[in-house]
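Below is the file coords-v6.tsv, which contains TSV, C-alpha atoms.
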chain	number	residue	atom	x	y	z
A	1	MET	CA	60.68	286.24	118.11
A	2	ASP	CA	60.50	284.83	121.67
A	3	LEU	CA	61.33	287.16	124.55
A	4	ALA	CA	60.85	284.48	127.25
A	5	TYR	CA	63.88	282.92	128.95
A	6	THR	CA	64.60	279.19	128.74
A	7	ASP	CA	65.13	276.93	131.76
A	8	GLU	CA	68.88	276.94	131.05
A	9	GLU	CA	68.95	280.72	130.99
A	10	GLU	CA	66.99	280.95	134.24
A	11	ALA	CA	69.45	278.48	135.82
A	12	PHE	CA	72.29	280.76	134.66
A	13	ARG	CA	70.51	283.70	136.31
A	14	ALA	CA	70.05	281.81	139.60
A	15	ALA	CA	73.70	280.71	139.74
A	16	LEU	CA	74.86	284.25	139.01
A	17	ARG	CA	72.65	285.68	141.75
A	18	ASP	CA	74.06	283.20	144.25
A	19	TRP	CA	77.64	284.05	143.30
A	20	LEU	CA	77.00	287.79	143.51
A	21	SER	CA	75.44	287.43	146.95
A	22	VAL	CA	78.67	285.84	148.21
A	23	VAL	CA	81.31	287.94	146.47
A	24	LEU	CA	79.86	291.47	146.55
A	25	PRO	CA	79.93	291.93	150.37
A	26	LYS	CA	83.68	291.22	150.27
A	27	LEU	CA	84.53	293.91	147.70
A	28	PRO	CA	86.70	296.83	148.87
A	29	PRO	CA	85.30	300.39	148.64
A	30	LYS	CA	85.37	301.97	145.19
A	31	PRO	CA	88.31	304.40	144.81
A	32	PRO	CA	87.86	308.17	144.16
A	33	PRO	CA	86.75	309.05	140.59
A	34	ASP	CA	89.99	310.81	139.58
A	35	ASP	CA	92.42	308.26	141.02
A	36	TRP	CA	92.81	306.36	137.76
A	37	PRO	CA	95.63	304.00	138.83
A	38	ALA	CA	93.44	302.93	141.79
A	39	ARG	CA	90.36	302.70	139.57
A	40	ARG	CA	92.26	300.57	137.09
A	41	ALA	CA	93.31	298.22	139.91
A	42	TYR	CA	89.72	298.08	141.23
A	43	ASP	CA	88.11	297.50	137.81
A	44	THR	CA	90.65	294.92	136.65
A	45	GLY	CA	90.35	293.16	140.03
A	46	TRP	CA	86.59	292.82	139.50
A	47	GLN	CA	87.12	291.53	135.96
A	48	ARG	CA	89.62	288.97	137.29
A	49	ALA	CA	87.04	287.81	139.86
A	50	LEU	CA	84.47	287.41	137.06
A	51	HIS	CA	87.01	285.53	134.95
A	52	ASP	CA	87.94	283.14	137.75
A	53	ALA	CA	84.25	282.45	138.43
A	54	GLY	CA	83.60	281.64	134.76
A	55	TYR	CA	81.85	284.91	133.83
A	56	GLY	CA	84.82	286.69	132.24
A	57	ASP	CA	83.76	286.09	128.64
A	58	VAL	CA	80.09	286.86	129.10
A	59	HIS	CA	80.27	290.03	126.97
A	60	TRP	CA	81.04	288.13	123.78
A	61	GLY	CA	81.66	284.47	124.63
A	62	ALA	CA	78.17	283.80	125.97
A	63	SER	CA	74.93	284.02	124.04
A	64	PRO	CA	73.44	287.53	123.71
A	65	THR	CA	70.58	286.50	125.99
A	66	LYS	CA	72.94	285.35	128.74
A	67	ARG	CA	74.82	288.62	128.34
A	68	LEU	CA	71.54	290.44	128.85
A	69	ILE	CA	70.81	288.43	132.00
A	70	PHE	CA	74.34	289.07	133.27
A	71	LEU	CA	74.00	292.84	132.81
A	72	GLU	CA	70.55	292.87	134.37
A	73	GLU	CA	71.54	290.87	137.46
A	74	THR	CA	74.87	292.59	138.11
A	75	GLU	CA	73.24	296.01	137.87
A	76	LYS	CA	70.36	294.99	140.15
A	77	ALA	CA	72.84	293.64	142.69
A	78	GLY	CA	74.89	296.85	142.61
A	79	ALA	CA	77.98	295.11	141.24
A	80	PRO	CA	80.77	297.22	139.68
A	81	TYR	CA	80.33	298.13	136.03
A	82	VAL	CA	83.11	297.43	133.55
A	83	GLY	CA	84.72	300.81	134.37
A	84	ALA	CA	88.17	301.18	132.80
A	85	GLY	CA	87.54	297.90	130.97
A	86	PHE	CA	84.68	299.47	128.98
A	87	VAL	CA	86.46	299.79	125.63
A	88	GLY	CA	88.24	296.44	125.79
A	89	LEU	CA	85.25	294.44	126.96
A	90	LEU	CA	82.47	296.16	125.02
A	91	HIS	CA	84.15	297.57	121.88
A	92	ALA	CA	87.59	296.22	121.00
A	93	GLY	CA	87.12	292.70	122.35
A	94	PRO	CA	83.87	291.96	120.48
A	95	THR	CA	85.30	293.55	117.33
A	96	ILE	CA	88.48	291.44	117.44
A	97	ALA	CA	86.39	288.35	118.21
A	98	ALA	CA	84.28	289.06	115.11
A	99	GLU	CA	86.88	290.47	112.68
A	100	GLY	CA	90.34	289.51	113.96
A	101	THR	CA	92.59	286.70	112.76
A	102	PRO	CA	93.08	283.61	114.97
A	103	ALA	CA	96.48	285.00	116.04
A	104	GLN	CA	94.95	288.38	116.92
A	105	ARG	CA	92.19	286.74	118.95
A	106	GLU	CA	94.75	284.62	120.79
A	107	ARG	CA	96.96	287.64	121.55
A	108	TRP	CA	94.40	290.21	122.68
A	109	LEU	CA	91.26	288.51	123.93
A	110	PRO	CA	92.57	286.49	126.92
A	111	PRO	CA	94.29	289.52	128.60
A	112	ILE	CA	91.07	291.54	128.21
A	113	LEU	CA	89.01	288.77	129.76
A	114	ARG	CA	91.46	288.27	132.65
A	115	GLY	CA	91.54	292.01	133.35
A	116	ASP	CA	95.26	292.15	132.55
A	117	GLU	CA	95.07	294.78	129.80
A	118	ILE	CA	93.00	297.94	129.38
A	119	TRP	CA	92.03	299.48	126.04
A	120	CYS	CA	91.11	303.02	125.06
A	121	GLN	CA	89.21	304.31	122.01
A	122	GLY	CA	91.00	306.50	119.46
A	123	PHE	CA	88.15	307.33	117.11
A	124	SER	CA	87.19	311.03	117.53
A	125	GLU	CA	89.38	313.83	116.26
A	126	PRO	CA	89.52	317.64	116.68
A	127	ASP	CA	87.65	319.53	113.93
A	128	ALA	CA	85.89	316.35	112.73
A	129	GLY	CA	82.71	317.07	114.68
A	130	SER	CA	80.28	314.16	114.49
A	131	ASP	CA	81.58	312.99	111.13
A	132	LEU	CA	83.81	310.10	112.17
A	133	ALA	CA	84.91	309.50	108.57
A	134	SER	CA	86.48	312.98	108.44
A	135	LEU	CA	89.46	311.77	110.46
A	136	ARG	CA	92.86	313.11	109.36
A	137	THR	CA	95.28	311.00	111.41
A	138	ARG	CA	97.56	309.47	108.77
A	139	ALA	CA	99.20	306.05	108.68
A	140	VAL	CA	101.91	305.66	106.04
A	141	ARG	CA	103.26	302.21	105.27
A	142	ASP	CA	106.99	301.74	105.99
A	143	GLY	CA	108.03	298.10	105.62
A	144	ASP	CA	106.23	296.00	108.22
A	145	CYS	CA	104.91	299.04	110.09
A	146	TYR	CA	102.53	301.93	109.72
A	147	VAL	CA	103.94	305.31	110.77
A	148	VAL	CA	101.04	307.14	112.43
A	149	THR	CA	100.84	310.93	112.85
A	150	GLY	CA	97.90	313.00	114.06
A	151	SER	CA	95.77	313.50	117.15
A	152	LYS	CA	92.67	312.10	118.82
A	153	ILE	CA	90.27	313.62	121.33
A	154	TRP	CA	87.70	312.29	123.83
A	155	THR	CA	89.86	309.17	124.08
A	156	SER	CA	88.29	307.15	126.90
A	157	HIS	CA	90.66	305.78	129.59
A	158	ALA	CA	93.83	306.75	127.68
A	159	GLU	CA	95.65	307.51	130.94
A	160	VAL	CA	95.67	303.89	132.05
A	161	ALA	CA	95.29	302.04	128.76
A	162	ASP	CA	97.70	299.43	127.42
A	163	TRP	CA	96.17	299.40	123.93
A	164	CYS	CA	94.16	301.73	121.71
A	165	GLU	CA	91.60	300.81	119.06
A	166	LEU	CA	92.75	303.39	116.54
A	167	LEU	CA	91.20	304.62	113.30
A	168	VAL	CA	93.69	305.98	110.77
A	169	ARG	CA	93.58	307.17	107.19
A	170	THR	CA	95.66	304.83	105.06
A	171	ASP	CA	94.56	306.20	101.66
A	172	PRO	CA	93.82	309.93	101.35
A	173	ASP	CA	93.02	309.70	97.62
A	174	VAL	CA	89.77	307.71	97.79
A	175	PRO	CA	86.32	308.71	99.13
A	176	LYS	CA	86.69	309.31	102.85
A	177	HIS	CA	84.83	306.19	104.00
A	178	ARG	CA	87.06	303.90	101.91
A	179	GLY	CA	90.56	304.97	102.98
A	180	ILE	CA	90.37	304.07	106.67
A	181	SER	CA	92.01	301.20	108.61
A	182	TRP	CA	91.41	299.87	112.16
A	183	LEU	CA	94.64	299.36	114.14
A	184	ALA	CA	95.56	298.08	117.60
A	185	MET	CA	98.21	300.48	118.92
A	186	ALA	CA	100.33	299.81	122.02
A	187	MET	CA	100.02	302.85	124.30
A	188	ASP	CA	103.66	302.61	125.43
A	189	ALA	CA	104.98	303.05	121.87
A	190	PRO	CA	107.38	305.99	121.39
A	191	GLY	CA	105.72	309.17	120.06
A	192	ILE	CA	102.48	309.03	122.09
A	193	THR	CA	101.51	311.92	124.40
A	194	VAL	CA	98.37	311.75	126.57
A	195	ARG	CA	96.77	314.90	128.08
A	196	PRO	CA	93.72	314.33	130.35
A	197	LEU	CA	90.54	316.39	129.83
A	198	ARG	CA	88.08	317.37	132.58
A	199	THR	CA	84.39	317.23	131.68
A	200	LEU	CA	81.50	319.39	132.88
A	201	ALA	CA	80.69	316.71	135.46
A	202	GLY	CA	84.27	316.80	136.77
A	203	SER	CA	85.29	313.45	135.29
A	204	THR	CA	88.75	312.91	133.77
A	205	GLU	CA	87.99	309.70	131.91
A	206	PHE	CA	88.71	311.40	128.55
A	207	ALA	CA	92.01	312.62	127.14
A	208	GLU	CA	93.66	314.14	124.11
A	209	VAL	CA	96.19	311.82	122.48
A	210	PHE	CA	98.91	313.18	120.21
A	211	LEU	CA	100.67	310.81	117.81
A	212	ASP	CA	104.10	311.76	116.44
A	213	GLU	CA	105.38	309.17	113.97
A	214	VAL	CA	104.20	306.25	116.09
A	215	ARG	CA	105.17	302.89	114.56
A	216	VAL	CA	102.39	300.29	114.58
A	217	PRO	CA	103.08	296.81	113.13
A	218	VAL	CA	101.02	295.97	110.04
A	219	GLY	CA	100.08	292.75	111.84
A	220	ASN	CA	98.10	294.89	114.31
A	221	ARG	CA	95.60	295.87	111.61
A	222	VAL	CA	92.18	294.29	112.16
A	223	GLY	CA	90.51	293.70	108.82
A	224	GLU	CA	91.91	294.60	105.43
A	225	GLU	CA	93.76	297.83	104.68
A	226	ASN	CA	91.27	300.59	103.82
A	227	ASP	CA	88.37	298.41	105.04
A	228	GLY	CA	88.38	300.01	108.48
A	229	TRP	CA	85.04	301.76	108.04
A	230	ARG	CA	83.25	298.43	107.79
A	231	VAL	CA	85.16	297.13	110.86
A	232	THR	CA	84.25	300.34	112.68
A	233	MET	CA	80.57	299.74	111.99
A	234	VAL	CA	80.96	296.39	113.78
A	235	THR	CA	82.53	298.20	116.75
A	236	LEU	CA	79.76	300.81	116.84
A	237	SER	CA	77.02	298.21	116.50
A	238	PHE	CA	78.24	296.63	119.74
A	239	GLU	CA	78.49	300.05	121.39
A	240	ARG	CA	74.96	301.10	120.45
A	241	GLY	CA	73.41	297.66	120.64
A	242	THR	CA	74.51	296.37	124.04
A	243	ALA	CA	76.97	298.69	125.78
A	244	PHE	CA	74.21	300.75	127.45
A	245	VAL	CA	72.08	297.81	128.54
A	246	GLY	CA	73.17	297.85	132.18
A	247	GLU	CA	72.47	301.58	132.36
A	248	VAL	CA	68.79	301.04	131.58
A	249	VAL	CA	68.54	298.85	134.66
A	250	ALA	CA	70.32	301.58	136.65
A	251	CYS	CA	67.87	304.20	135.34
A	252	ARG	CA	64.90	302.06	136.43
A	253	ARG	CA	66.45	301.78	139.89
A	254	THR	CA	67.04	305.56	140.00
A	255	LEU	CA	63.41	306.12	139.02
A	256	GLY	CA	62.28	304.06	142.01
A	257	GLU	CA	64.57	306.08	144.30
A	258	LEU	CA	63.10	309.29	142.88
A	259	ALA	CA	59.56	308.14	143.63
A	260	ARG	CA	60.53	307.31	147.22
A	261	THR	CA	62.25	310.70	147.62
A	262	ALA	CA	59.19	312.51	146.21
A	263	ARG	CA	56.94	310.76	148.72
A	264	ALA	CA	59.31	311.74	151.56
A	265	ASN	CA	59.72	315.43	150.67
A	266	GLY	CA	56.12	316.19	149.64
A	267	ARG	CA	56.70	316.50	145.88
A	268	TRP	CA	54.51	313.42	145.35
A	269	ASP	CA	51.43	315.66	145.80
A	270	ASP	CA	52.20	317.28	142.43
A	271	SER	CA	50.05	315.37	139.93
A	272	VAL	CA	52.08	316.65	136.94
A	273	LEU	CA	55.27	315.26	138.50
A	274	ARG	CA	53.57	311.93	139.22
A	275	ARG	CA	52.53	311.66	135.57
A	276	ARG	CA	56.12	312.35	134.45
A	277	LEU	CA	57.43	309.64	136.75
A	278	GLY	CA	54.80	307.25	135.45
A	279	ARG	CA	55.55	308.04	131.84
A	280	LEU	CA	59.29	307.56	132.43
A	281	SER	CA	58.60	304.23	134.10
A	282	ALA	CA	56.71	303.11	131.00
A	283	GLU	CA	59.48	304.55	128.81
A	284	PHE	CA	62.27	302.59	130.47
A	285	GLY	CA	60.10	299.47	130.50
A	286	ALA	CA	59.64	299.84	126.74
A	287	LEU	CA	63.39	300.41	126.28
A	288	TRP	CA	64.10	297.19	128.13
A	289	ARG	CA	61.73	295.34	125.79
A	290	LEU	CA	63.48	296.98	122.83
A	291	ILE	CA	66.81	295.69	124.15
A	292	GLN	CA	65.35	292.19	124.39
A	293	TRP	CA	64.08	292.49	120.81
A	294	ASN	CA	67.49	293.68	119.54
A	295	VAL	CA	69.28	290.86	121.37
A	296	SER	CA	66.77	288.30	120.11
A	297	GLU	CA	67.23	289.50	116.52
A	298	GLY	CA	71.03	289.52	116.86
A	299	GLU	CA	70.99	285.99	118.31
A	300	ARG	CA	68.82	284.75	115.47
A	301	GLY	CA	71.10	286.32	112.87
A	302	GLY	CA	74.31	285.12	114.54
A	303	GLY	CA	76.09	288.46	113.98
A	304	PRO	CA	76.58	291.76	115.77
A	305	PRO	CA	73.54	293.82	116.82
A	306	GLY	CA	71.79	295.41	113.85
A	307	PRO	CA	70.57	298.98	113.25
A	308	GLY	CA	67.87	298.47	115.91
A	309	GLY	CA	70.60	299.56	118.31
A	310	SER	CA	70.32	303.05	116.84
A	311	VAL	CA	66.61	303.17	117.72
A	312	PHE	CA	67.52	302.24	121.27
A	313	LYS	CA	70.45	304.69	121.49
A	314	LEU	CA	68.34	307.54	120.11
A	315	ARG	CA	65.49	307.16	122.57
A	316	TYR	CA	67.58	306.03	125.56
A	317	SER	CA	69.83	309.11	125.46
A	318	GLN	CA	66.76	311.37	125.46
A	319	ALA	CA	64.96	309.42	128.20
A	320	ARG	CA	68.08	309.55	130.39
A	321	GLN	CA	68.18	313.35	130.15
A	322	GLU	CA	64.45	313.54	130.94
A	323	LEU	CA	65.01	311.30	133.97
A	324	TYR	CA	67.61	313.60	135.47
A	325	ASP	CA	65.61	316.73	134.60
A	326	THR	CA	62.79	315.15	136.61
A	327	ALA	CA	65.26	314.33	139.39
A	328	ALA	CA	66.10	318.05	139.58
A	329	GLU	CA	62.40	318.82	140.08
A	330	VAL	CA	62.12	316.25	142.86
A	331	LEU	CA	65.30	317.39	144.63
A	332	GLY	CA	64.62	321.12	144.31
A	333	PRO	CA	67.58	323.27	145.55
A	334	ASP	CA	69.50	320.11	146.49
A	335	ALA	CA	69.87	319.46	142.76
A	336	LEU	CA	72.55	322.20	142.69
A	337	ASP	CA	74.72	320.36	145.23
A	338	VAL	CA	77.58	319.01	143.09
A	339	SER	CA	78.62	316.66	145.87
A	340	ARG	CA	75.46	314.62	145.24
A	341	GLU	CA	75.73	311.69	142.87
A	342	TRP	CA	72.42	312.53	141.16
A	343	THR	CA	73.65	316.06	140.36
A	344	LEU	CA	76.77	314.71	138.69
A	345	ASP	CA	74.68	312.12	136.87
A	346	ARG	CA	72.46	314.91	135.53
A	347	LEU	CA	75.47	316.80	134.17
A	348	SER	CA	76.80	313.58	132.68
A	349	SER	CA	73.44	312.83	131.03
A	350	LEU	CA	73.89	315.89	128.81
A	351	SER	CA	76.60	314.04	126.90
A	352	TYR	CA	74.46	311.06	125.98
A	353	THR	CA	72.87	312.65	122.90
A	354	ILE	CA	76.42	313.16	121.58
A	355	ALA	CA	78.37	310.13	122.81
A	356	ALA	CA	78.58	307.00	120.64
A	357	GLY	CA	77.17	308.92	117.66
A	358	THR	CA	74.93	311.98	117.94
A	359	SER	CA	71.15	311.74	117.88
A	360	GLN	CA	71.23	313.22	114.37
A	361	ILE	CA	73.47	310.37	113.21
A	362	GLN	CA	71.16	307.80	114.81
A	363	GLN	CA	68.19	309.41	113.04
A	364	ASN	CA	70.01	309.09	109.71
A	365	ILE	CA	70.74	305.41	110.37
A	366	VAL	CA	67.13	304.73	111.28
A	367	ALA	CA	65.90	306.60	108.19
A	368	GLU	CA	68.27	304.92	105.72
A	369	ARG	CA	68.79	301.38	107.10
A	370	ILE	CA	65.44	300.66	108.77
A	371	LEU	CA	62.91	302.85	106.96
A	372	GLY	CA	64.73	302.62	103.61
A	373	LEU	CA	64.60	306.35	102.93
A	374	PRO	CA	67.11	307.79	100.42
A	375	LYS	CA	70.16	309.65	101.69
A	376	GLY	CA	69.44	313.33	102.06
A	377	GLY	CA	65.70	312.67	101.74
Spit out the file's structure as structure tokens when you get a sec.
Amino acid sequence: MDLAYTDEEEAFRAALRDWLSVVLPKLPPKPPPDDWPARRAYDTGWQRALHDAGYGDVHWGASPTKRLIFLEETEKAGAPYVGAGFVGLLHAGPTIAAEGTPAQRERWLPPILRGDEIWCQGFSEPDAGSDLASLRTRAVRDGDCYVVTGSKIWTSHAEVADWCELLVRTDPDVPKHRGISWLAMAMDAPGITVRPLRTLAGSTEFAEVFLDEVRVPVGNRVGEENDGWRVTMVTLSFERGTAFVGEVVACRRTLGELARTARANGRWDDSVLRRRLGRLSAEFGALWRLIQWNVSEGERGGGPPGPGGSVFKLRYSQARQELYDTAAEVLGPDALDVSREWTLDRLSSLSYTIAAGTSQIQQNIVAERILGLPKGG
């Protein structure tokens, strides 16, 4: 394992920094959080700029190390994150690249990379809790189509999505993990109803999606019928392995801002608080090294990120909550001001031990796939 960067990778970093220094000052202001049509236009415009500059495919077309450098440098420079392109660029795109047919890759990957099409994620369902395999949305074969009926919840970016990565049950008579298929569903198909949800932090990025006999071509199935659980594990390995990488850089920057604020408002005199800030600094430094290790291992294996992503996800989600709890101590009464970005970030941090698989699920993965412990042991 070598965590050092090569000369070629450092040249990639330098060229990216130069490009960012030219293009970022020309970006328009970011639109309001709830104006999703405007946010879609802003996010897809940024993706188009990346594409035209040769960075559009960095999330799965470049080496994992270059992807790491890209995320590190764009976050440091304050560049826009993937935004509404999150599912397409970080979940569906990498999954189709790894598991799709040549025709599927040709149809769906270029529009994602150009910022032309947005994807949403139709995995979670009401009453399923954290058990993703308990999904009940049915897909019944009818000629060359599946007829899909059911509902999804916490569907990211459904309001502005063109496509949905959808998990459906195609065989109800086999053990629950074996009767699932992974479909690409056009969001303008008849029978789809989208109802936005508002989170504790005020965001409306999630929605409920109701599916009433929606016809999805069989050719839109990625992977074999009833093999969707294995395809889903590929999707989730990308989500847990690399999708949060840029946020670690953002957390390290926030930690520096907290230290400066503490010095300015007198909280720096509290030795207990200083120790917490120091420990968090070491924590996020260690998480960054863990990311490098996961990427290095994935690059060596030539496949998607392995179960090491669950170690990262487990600890990162906890460290993020601790960071914003510490921010509340530094800010004092100002931490209750919901107009402040840090306050909203603290509310949002509460979801991280649930999103992308709960901490309990990550603990099970670590126990079974890394430590080799028996299920239920």
*Expected residue set, 10 Å radius at (86.9, 290.4, 121.6), only C-alpha atoms, as a ChimeraX atom specification*: /A:57,59-61,88-100,104-106,108-110,112-113
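Atom pair atom CA of Lys66 of chain A / atom CA of Phe12 of chain A: separated by 7.5 Å.
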query: So what do you get for atom CA of Val22 of chain A versus atom CA of Ala84 of chain A, distance-wise?
result: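 Atom CA of Val22 of chain A sits 23.7 Å away from atom CA of Ala84 of chain A.
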Just how far from atom CA of Pro111 of chain A is atom CA of Arg198 of chain A, in Å to one decimal?
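That distance, rounded to one decimal, is 28.8 Å.
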Closest atom pairs, segment 224-336 of chain A residues within 12 Å of segment 131-138 of chain A, only C-alpha atoms, as JSON lines:
{"residue": "A:Asn226", "atom": "CA", "partner": "A:Ala133", "partner_atom": "CA", "distance": 11.9}
{"residue": "A:Gly228", "atom": "CA", "partner": "A:Ala133", "partner_atom": "CA", "distance": 10.1}
{"residue": "A:Trp229", "atom": "CA", "partner": "A:Ala133", "partner_atom": "CA", "distance": 7.8}
{"residue": "A:Arg230", "atom": "CA", "partner": "A:Ala133", "partner_atom": "CA", "distance": 11.2}
{"residue": "A:Thr232", "atom": "CA", "partner": "A:Leu132", "partner_atom": "CA", "distance": 9.8}
{"residue": "A:Met233", "atom": "CA", "partner": "A:Leu132", "partner_atom": "CA", "distance": 10.9}
{"residue": "A:Leu236", "atom": "CA", "partner": "A:Leu132", "partner_atom": "CA", "distance": 11.2}
If we count only C-alpha atoms, what is near Glu8 of chain A at a cut-off of 12 Å, once residues fewer than 3 positions away on the same chain are taken out, given as an MDAnalysis selection string? chainID A and resid 4:5 11:15 63 65:66 69
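Minimum atom-to-atom distance to Tyr324 of chain A, evaluated using all atoms listed in the file, belongs to A:Cys251 out of A:Cys251, A:Val311, A:Ala286, A:Ala264.
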Please identify all polymer residues within 7 Å of segment 35-45 of chain A, counting only C-alpha atoms, omitting same-chain residues fewer than 3 positions from it, and present them as a ChimeraX atom specification. /A:31-32,48-49,82-85,115-116,160
Using C-alpha atoms, can you export the residues from the last selection as a compact mmCIF listing (two decimals), in the coordinates of the input?
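So part_5.txt came out as:
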# COMPACT_ATOMS: atom_id res chain seq x y z
CA PRO A 31 88.31 304.40 144.81
CA PRO A 32 87.86 308.17 144.16
CA ARG A 48 89.62 288.97 137.29
CA ALA A 49 87.04 287.81 139.86
CA VAL A 82 83.11 297.43 133.55
CA GLY A 83 84.72 300.81 134.37
CA ALA A 84 88.17 301.18 132.80
CA GLY A 85 87.54 297.90 130.97
CA GLY A 115 91.54 292.01 133.35
CA ASP A 116 95.26 292.15 132.55
CA VAL A 160 95.67 303.89 132.05
Find the spatial neighbours of Ser181 of chain A, counting all atoms listed in the file, within a cut-off of 8 Å - ignore same-chain residues fewer than 6 positions away - and output them as a VMD selection string.
chain A and resid 167 to 170 221 to 229
Can you tell me which residues surround segment 367-377 of chain A at a distance of at most 12 Å, considering all atoms listed in the file, apart from same-chain residues fewer than 4 positions away, and format the answer as a compact mmCIF listing (two decimals) with C-alpha atoms, keeping the file's coordinate frame?
# COMPACT_ATOMS: atom_id res chain seq x y z
CA GLY A 306 71.79 295.41 113.85
CA PRO A 307 70.57 298.98 113.25
CA GLY A 308 67.87 298.47 115.91
CA GLY A 309 70.60 299.56 118.31
CA SER A 310 70.32 303.05 116.84
CA VAL A 311 66.61 303.17 117.72
CA GLN A 360 71.23 313.22 114.37
CA ILE A 361 73.47 310.37 113.21
CA GLN A 362 71.16 307.80 114.81
CA GLN A 363 68.19 309.41 113.04
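Candidate residues A:Leu347, A:Val216, A:Ala282, A:Leu287 were compared for distance to Cys145 of chain A, and the nearest is A:Val216, using only C-alpha atoms.
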(message) For a quick check of your reading of the model, name the residues lying within 8 Å of the coordinate (97.8, 310.8, 123.3), counting all atoms listed in the file, and write them as a ChimeraX atom specification.
(response) /A:151-152,158,192-195,207-211
Just checking: using all atoms listed in the file, which residue out of A:Leu16, A:Val249, A:Leu323, A:Ala189 ends up closest to Arg279 of chain A?
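Among the listed residues, the smallest separation from Arg279 of chain A belongs to A:Leu323.
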Exercise for the section: Determine, counting all atoms listed in the file, which protein, DNA and RNA residues have an atom within 8 Å of an atom of Ala161 of chain A; residues of the same chain fewer than 4 positions away are not included. Present the result as an NGL selection string. Expected result: :A and (117-120 or 157 or 187)
Kindly provide, as AutoDock Vina command-line options, the centre and edge lengths (Å, one decimal) of an axis-aligned box around all atoms of segment 183-190 of chain A given in the file, with 3 Å on each side.
--center_x 101.0 --center_y 302.0 --center_z 119.8 --size_x 18.7 --size_y 13.9 --size_z 17.3
Among listed residues A:Gly202, A:Gly285, A:Gly191, A:Pro80, nearest Val23 of chain A (using only C-alpha atoms):
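Of the candidates, the smallest distance to Val23 of chain A is held by A:Pro80.
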Output: segment 9-20 of chain A of the preceding structure, restricted to N, CA, C and O atoms, written as an mmCIF file, in the first residue's frame.
data_model
loop_
_atom_site.group_PDB
_atom_site.id
_atom_site.type_symbol
_atom_site.label_atom_id
_atom_site.label_comp_id
_atom_site.auth_asym_id
_atom_site.auth_seq_id
_atom_site.Cartn_x
_atom_site.Cartn_y
_atom_site.Cartn_z
ATOM 1 N N GLU A 9 -0.033 12.312 -10.898
ATOM 2 C CA GLU A 9 -1.180 12.720 -10.081
ATOM 3 C C GLU A 9 -0.997 14.137 -9.549
ATOM 4 O O GLU A 9 -1.957 14.915 -9.479
ATOM 5 N N GLU A 10 0.217 14.495 -9.193
ATOM 6 C CA GLU A 10 0.455 15.870 -8.724
ATOM 7 C C GLU A 10 0.285 16.867 -9.872
ATOM 8 O O GLU A 10 -0.163 18.004 -9.657
ATOM 9 N N ALA A 11 0.639 16.456 -11.104
ATOM 10 C CA ALA A 11 0.421 17.331 -12.262
ATOM 11 C C ALA A 11 -1.074 17.531 -12.502
ATOM 12 O O ALA A 11 -1.524 18.637 -12.837
ATOM 13 N N PHE A 12 -1.849 16.444 -12.315
ATOM 14 C CA PHE A 12 -3.313 16.540 -12.419
ATOM 15 C C PHE A 12 -3.843 17.532 -11.384
ATOM 16 O O PHE A 12 -4.696 18.384 -11.683
ATOM 17 N N ARG A 13 -3.331 17.459 -10.169
ATOM 18 C CA ARG A 13 -3.763 18.369 -9.099
ATOM 19 C C ARG A 13 -3.455 19.824 -9.474
ATOM 20 O O ARG A 13 -4.301 20.721 -9.305
ATOM 21 N N ALA A 14 -2.248 20.063 -9.984
ATOM 22 C CA ALA A 14 -1.841 21.437 -10.315
ATOM 23 C C ALA A 14 -2.707 22.015 -11.440
ATOM 24 O O ALA A 14 -3.135 23.181 -11.378
ATOM 25 N N ALA A 15 -2.979 21.198 -12.465
ATOM 26 C CA ALA A 15 -3.814 21.669 -13.573
ATOM 27 C C ALA A 15 -5.234 21.967 -13.097
ATOM 28 O O ALA A 15 -5.850 22.965 -13.517
ATOM 29 N N LEU A 16 -5.739 21.128 -12.223
ATOM 30 C CA LEU A 16 -7.087 21.332 -11.688
ATOM 31 C C LEU A 16 -7.142 22.623 -10.871
ATOM 32 O O LEU A 16 -8.098 23.408 -10.988
ATOM 33 N N ARG A 17 -6.140 22.847 -10.037
ATOM 34 C CA ARG A 17 -6.108 24.081 -9.243
ATOM 35 C C ARG A 17 -6.112 25.306 -10.147
ATOM 36 O O ARG A 17 -6.826 26.290 -9.886
ATOM 37 N N ASP A 18 -5.319 25.263 -11.204
ATOM 38 C CA ASP A 18 -5.258 26.404 -12.128
ATOM 39 C C ASP A 18 -6.620 26.653 -12.766
ATOM 40 O O ASP A 18 -7.074 27.800 -12.871
ATOM 41 N N TRP A 19 -7.268 25.569 -13.197
ATOM 42 C CA TRP A 19 -8.576 25.723 -13.845
ATOM 43 C C TRP A 19 -9.603 26.287 -12.865
ATOM 44 O O TRP A 19 -10.372 27.196 -13.208
ATOM 45 N N LEU A 20 -9.606 25.767 -11.640
ATOM 46 C CA LEU A 20 -10.556 26.254 -10.637
ATOM 47 C C LEU A 20 -10.344 27.732 -10.339
ATOM 48 O O LEU A 20 -11.306 28.486 -10.146
#
